[in-house]
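Just target-v2.cif here, mmCIF, C-alpha atoms:
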data_input
loop_
_atom_site.label_atom_id
_atom_site.label_comp_id
_atom_site.auth_asym_id
_atom_site.auth_seq_id
_atom_site.Cartn_x
_atom_site.Cartn_y
_atom_site.Cartn_z
CA MET A 1 10.79 -164.17 -117.38
CA ASN A 2 10.15 -161.47 -114.88
CA THR A 3 6.69 -162.28 -113.60
CA LYS A 4 6.50 -158.95 -111.80
CA GLN A 5 6.25 -157.22 -115.18
CA GLN A 6 3.41 -159.47 -116.26
CA LYS A 7 1.02 -158.51 -113.49
CA ASN A 8 -2.16 -156.69 -114.27
CA TYR A 9 -2.13 -153.87 -111.82
CA ASN A 10 -5.54 -152.37 -111.17
CA TYR A 11 -4.88 -149.88 -108.42
CA ALA A 12 -2.33 -147.13 -108.17
CA PHE A 13 -0.98 -144.30 -106.08
CA VAL A 14 0.67 -141.46 -107.94
CA PHE A 15 2.72 -138.71 -106.40
CA TYR A 16 4.98 -136.19 -108.03
CA ASP A 17 7.47 -133.45 -107.61
CA VAL A 18 7.44 -131.38 -110.77
CA GLY A 19 8.42 -127.84 -111.69
CA GLU A 20 5.91 -125.09 -110.98
CA LYS A 21 5.13 -124.54 -114.67
CA ARG A 22 4.11 -128.16 -115.13
CA VAL A 23 2.32 -128.87 -111.84
CA GLN A 24 -1.09 -127.92 -113.17
CA LYS A 25 -0.68 -130.07 -116.28
CA VAL A 26 0.31 -133.16 -114.29
CA PHE A 27 -2.49 -132.48 -111.82
CA LYS A 28 -5.07 -132.30 -114.63
CA ILE A 29 -3.86 -135.53 -116.22
CA CYS A 30 -4.02 -137.39 -112.91
CA LYS A 31 -7.46 -135.97 -112.19
CA LYS A 32 -8.73 -137.51 -115.42
CA TYR A 33 -7.80 -140.98 -114.27
CA PHE A 34 -8.30 -140.84 -110.51
CA LYS A 35 -11.33 -139.73 -108.59
CA HIS A 36 -9.48 -139.25 -105.40
CA HIS A 37 -6.56 -137.11 -104.40
CA GLN A 38 -5.13 -135.57 -101.31
CA LYS A 39 -2.59 -132.84 -101.88
CA SER A 40 -0.42 -134.17 -104.70
CA VAL A 41 -1.14 -137.83 -104.00
CA PHE A 42 -3.65 -139.42 -106.35
CA ARG A 43 -4.99 -142.90 -105.93
CA GLY A 44 -7.63 -145.28 -107.14
CA HIS A 45 -8.63 -148.11 -109.38
CA ILE A 46 -7.13 -147.83 -112.81
CA SER A 47 -7.25 -150.36 -115.64
CA PRO A 48 -3.98 -151.57 -117.14
CA SER A 49 -4.90 -149.81 -120.41
CA ASP A 50 -5.60 -146.52 -118.62
CA LEU A 51 -2.31 -146.88 -116.82
CA ILE A 52 -0.55 -146.98 -120.18
CA LYS A 53 -2.42 -143.83 -121.28
CA LEU A 54 -1.65 -142.06 -117.99
CA ARG A 55 2.03 -142.86 -118.34
CA ALA A 56 2.13 -141.62 -121.95
CA GLU A 57 0.34 -138.38 -121.08
CA ILE A 58 2.59 -137.63 -118.13
CA ASN A 59 5.71 -138.38 -120.15
CA LYS A 60 4.57 -135.81 -122.72
CA VAL A 61 4.40 -132.93 -120.25
CA ILE A 62 7.16 -133.52 -117.73
CA ASP A 63 10.74 -132.35 -117.98
CA LYS A 64 12.63 -135.63 -117.72
CA GLY A 65 15.68 -133.97 -116.23
CA GLU A 66 13.94 -131.99 -113.51
CA ASP A 67 10.63 -133.64 -112.71
CA PHE A 68 9.81 -136.77 -110.83
CA VAL A 69 6.62 -138.84 -110.89
CA SER A 70 6.23 -142.02 -108.91
CA ILE A 71 3.54 -144.58 -109.71
CA ILE A 72 2.97 -147.21 -107.03
CA LYS A 73 0.99 -150.07 -108.57
CA LEU A 74 -0.98 -152.75 -106.76
CA LEU A 75 -3.02 -155.66 -108.01
CA SER A 76 -6.06 -154.34 -106.18
CA ASP A 77 -7.06 -152.34 -103.13
CA THR A 78 -7.14 -155.52 -101.03
CA TYR A 79 -3.35 -155.45 -100.78
CA PHE A 80 -3.16 -152.50 -98.47
CA ASP A 81 -4.99 -151.11 -95.52
CA GLU A 82 -5.30 -147.45 -94.70
CA GLU A 83 -5.64 -145.57 -91.49
CA THR A 84 -6.23 -141.88 -91.12
CA LEU A 85 -5.05 -139.78 -88.20
CA GLY A 86 -6.68 -136.43 -87.63
CA ASN A 87 -9.58 -135.13 -89.66
CA GLN A 88 -10.79 -137.78 -92.09
CA ASN A 89 -13.13 -135.35 -93.81
CA ILE A 90 -10.24 -133.41 -95.31
CA ASN A 91 -9.58 -136.59 -97.22
CA CYS A 92 -12.90 -136.40 -99.06
CA GLU A 93 -12.42 -133.15 -100.93
CA SER A 94 -12.24 -134.74 -104.35
CA LEU A 95 -13.95 -138.05 -103.96
CA PHE A 96 -16.10 -137.04 -106.89
CA ILE A 97 -14.88 -134.92 -109.75
CA MET B 1 -13.60 -161.25 -86.70
CA ASN B 2 -12.10 -158.80 -89.12
CA THR B 3 -8.96 -160.54 -90.35
CA LYS B 4 -7.75 -157.35 -92.01
CA GLN B 5 -7.13 -155.89 -88.57
CA GLN B 6 -5.02 -158.89 -87.54
CA LYS B 7 -2.42 -158.54 -90.25
CA ASN B 8 1.15 -157.69 -89.39
CA TYR B 9 1.94 -154.88 -91.72
CA ASN B 10 5.65 -154.37 -92.34
CA TYR B 11 5.71 -151.68 -94.97
CA ALA B 12 4.03 -148.30 -95.09
CA PHE B 13 3.55 -145.13 -97.04
CA VAL B 14 2.75 -142.02 -95.03
CA PHE B 15 1.55 -138.74 -96.45
CA TYR B 16 0.07 -135.78 -94.71
CA ASP B 17 -1.57 -132.43 -95.00
CA VAL B 18 -0.98 -130.58 -91.75
CA GLY B 19 -0.93 -126.96 -90.67
CA GLU B 20 2.23 -124.99 -91.29
CA LYS B 21 3.13 -124.82 -87.60
CA ARG B 22 3.10 -128.59 -87.28
CA VAL B 23 4.63 -129.66 -90.61
CA GLN B 24 8.16 -129.74 -89.27
CA LYS B 25 7.15 -131.82 -86.25
CA VAL B 26 5.35 -134.43 -88.36
CA PHE B 27 8.25 -134.47 -90.82
CA LYS B 28 10.76 -135.12 -88.02
CA ILE B 29 8.70 -137.94 -86.55
CA CYS B 30 8.36 -139.63 -89.95
CA LYS B 31 12.05 -139.21 -90.63
CA LYS B 32 12.83 -141.16 -87.46
CA TYR B 33 10.98 -144.19 -88.77
CA PHE B 34 11.52 -144.05 -92.51
CA LYS B 35 14.76 -143.76 -94.42
CA HIS B 36 13.12 -142.65 -97.58
CA HIS B 37 10.91 -139.73 -98.46
CA GLN B 38 9.98 -137.72 -101.50
CA LYS B 39 8.30 -134.42 -100.77
CA SER B 40 5.85 -135.20 -97.99
CA VAL B 41 5.51 -138.90 -98.84
CA PHE B 42 7.47 -141.21 -96.58
CA ARG B 43 7.79 -144.90 -97.15
CA GLY B 44 9.65 -147.96 -96.04
CA HIS B 45 9.80 -151.06 -93.94
CA ILE B 46 8.42 -150.53 -90.49
CA SER B 47 7.81 -153.10 -87.79
CA PRO B 48 4.33 -153.40 -86.31
CA SER B 49 5.68 -152.11 -83.00
CA ASP B 50 7.29 -149.08 -84.63
CA LEU B 51 4.03 -148.42 -86.43
CA ILE B 52 2.30 -148.17 -83.05
CA LYS B 53 4.95 -145.73 -81.84
CA LEU B 54 4.74 -143.67 -85.04
CA ARG B 55 0.98 -143.42 -84.71
CA ALA B 56 1.20 -142.35 -81.06
CA GLU B 57 3.83 -139.70 -81.79
CA ILE B 58 1.90 -138.24 -84.70
CA ASN B 59 -1.31 -138.18 -82.69
CA LYS B 60 0.46 -136.14 -80.02
CA VAL B 61 1.46 -133.31 -82.36
CA ILE B 62 -1.35 -132.99 -84.90
CA ASP B 63 -4.47 -130.89 -84.58
CA LYS B 64 -7.19 -133.50 -84.96
CA GLY B 65 -9.66 -131.01 -86.37
CA GLU B 66 -7.41 -129.47 -89.00
CA ASP B 67 -4.69 -131.93 -89.88
CA PHE B 68 -4.75 -135.09 -91.90
CA VAL B 69 -2.26 -137.97 -91.94
CA SER B 70 -2.77 -141.06 -94.07
CA ILE B 71 -0.90 -144.29 -93.39
CA ILE B 72 -1.07 -146.86 -96.19
CA LYS B 73 0.01 -150.22 -94.78
CA LEU B 74 1.17 -153.26 -96.72
CA LEU B 75 2.32 -156.67 -95.60
CA SER B 76 5.62 -156.19 -97.40
CA ASP B 77 7.16 -154.41 -100.35
CA THR B 78 6.37 -157.41 -102.57
CA TYR B 79 2.75 -156.28 -102.81
CA PHE B 80 3.38 -153.30 -105.00
CA ASP B 81 5.55 -152.35 -107.91
CA GLU B 82 6.87 -148.90 -108.57
CA GLU B 83 7.75 -147.05 -111.70
CA THR B 84 9.35 -143.66 -111.92
CA LEU B 85 8.81 -141.19 -114.74
CA GLY B 86 11.30 -138.40 -115.16
CA ASN B 87 14.44 -138.05 -113.10
CA GLN B 88 14.86 -141.03 -110.80
CA ASN B 89 17.76 -139.44 -108.98
CA ILE B 90 15.52 -136.85 -107.36
CA ASN B 91 13.99 -139.80 -105.61
CA CYS B 92 17.22 -140.66 -103.82
CA GLU B 93 17.69 -137.52 -101.78
CA SER B 94 17.05 -139.11 -98.42
CA LEU B 95 17.72 -142.75 -99.00
CA PHE B 96 20.05 -142.57 -96.02
CA ILE B 97 19.46 -140.32 -93.08
#

Here is a file; write its structure as structure tokens.
Amino acid sequence: MNTKQQKNYNYAFVFYDVGEKRVQKVFKICKKYFKHHQKSVFRGHISPSDLIKLRAEINKVIDKGEDFVSIIKLLSDTYFDEETLGNQNINCESLFI
Amino acid sequence: MNTKQQKNYNYAFVFYDVGEKRVQKVFKICKKYFKHHQKSVFRGHISPSDLIKLRAEINKVIDKGEDFVSIIKLLSDTYFDEETLGNQNINCESLFI
């Protein structure tokens, strides 16, 4: 049994490289699930059930041959630390939708 | 004592939003330390000492009022899991420098 697959991830980073026609769609989907983004990197708490929905919604709009979406999943936000260089305020643009 | 500050992080994600004139400089610095990147998101194992060097080099070239660089630090790559939607091969472009 692969225990890694059994984990209940509750925090995620999502970044993507998708064709111009689909960028806005992927952006809108991510914005529904994450309060916070910086450029095309979304992040935040997400329940395992929302993660399933997010994945299904993204899979519906992307071109599987051309687009790329990476979801980095963590058990919680205690498993990483963040430091910001430069202007931290730029990072707050979308803290609230 | 803040134990979070004492941790020896060995893995990092770096993403940035910097002015056009400085993008190439930040990209080159990151590329020195990380084998892998996708768009402007770098990632990989990095020793605590290299992390100090990376930070110093980035701080030298960015405009602290306009630019933004985020470093997400983890103890190791066992603390997250990744899934890729779409074309996984796009993700391999710079696996080796």

- I would like the residues chosen by the PyMOL selection byres ((chain B and resi 49-58) around 12) on the shown file; could you give them as a ChimeraX atom specification? /A:83-86 /B:8-16,18,22-34,43-48,59-64,67-74

- Task: Just give me the gap between atom CA of A:Asp81 and atom CA of A:His37 in Å, one decimal is fine.
- Result: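 Atom CA of A:His37 lies at a distance of 16.7 Å from atom CA of A:Asp81.
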
- Message: Please compute the atom CA of A:Gly65-atom CA of A:Gly19 distance, one decimal, in Å.
- Response: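 Going from atom CA of A:Gly65 over to atom CA of A:Gly19 covers 10.5 Å.
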
- Item | Interatomic distance (Å, one decimal) between atom CA of A:His36 and atom CA of B:Lys39 | 19.0 Å

- Of the listed residues B:Gln38, B:Asp17, B:Lys7, B:Leu75, that which approaches A:Asn89 most closely, counting all atoms listed in the file: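 Ranked by minimum distance to A:Asn89, first place goes to B:Asp17.
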
- Query: For chain A, which of B:Glu82, B:Ser40, B:Lys35, B:Glu20 is the closest residue, counting all atoms listed in the file?
  - Reply: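 The answer is B:Glu82, which sits nearest to chain A.
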
Box dimensions and centre (Å, one decimal) enclosing stretch 45-60 of chain B, axis-aligned, 4 Å extra per side, as AutoDock Vina command-line options:
--center_x 4.2 --center_y -144.8 --center_z -87.0 --size_x 19.1 --size_y 25.3 --size_z 21.9
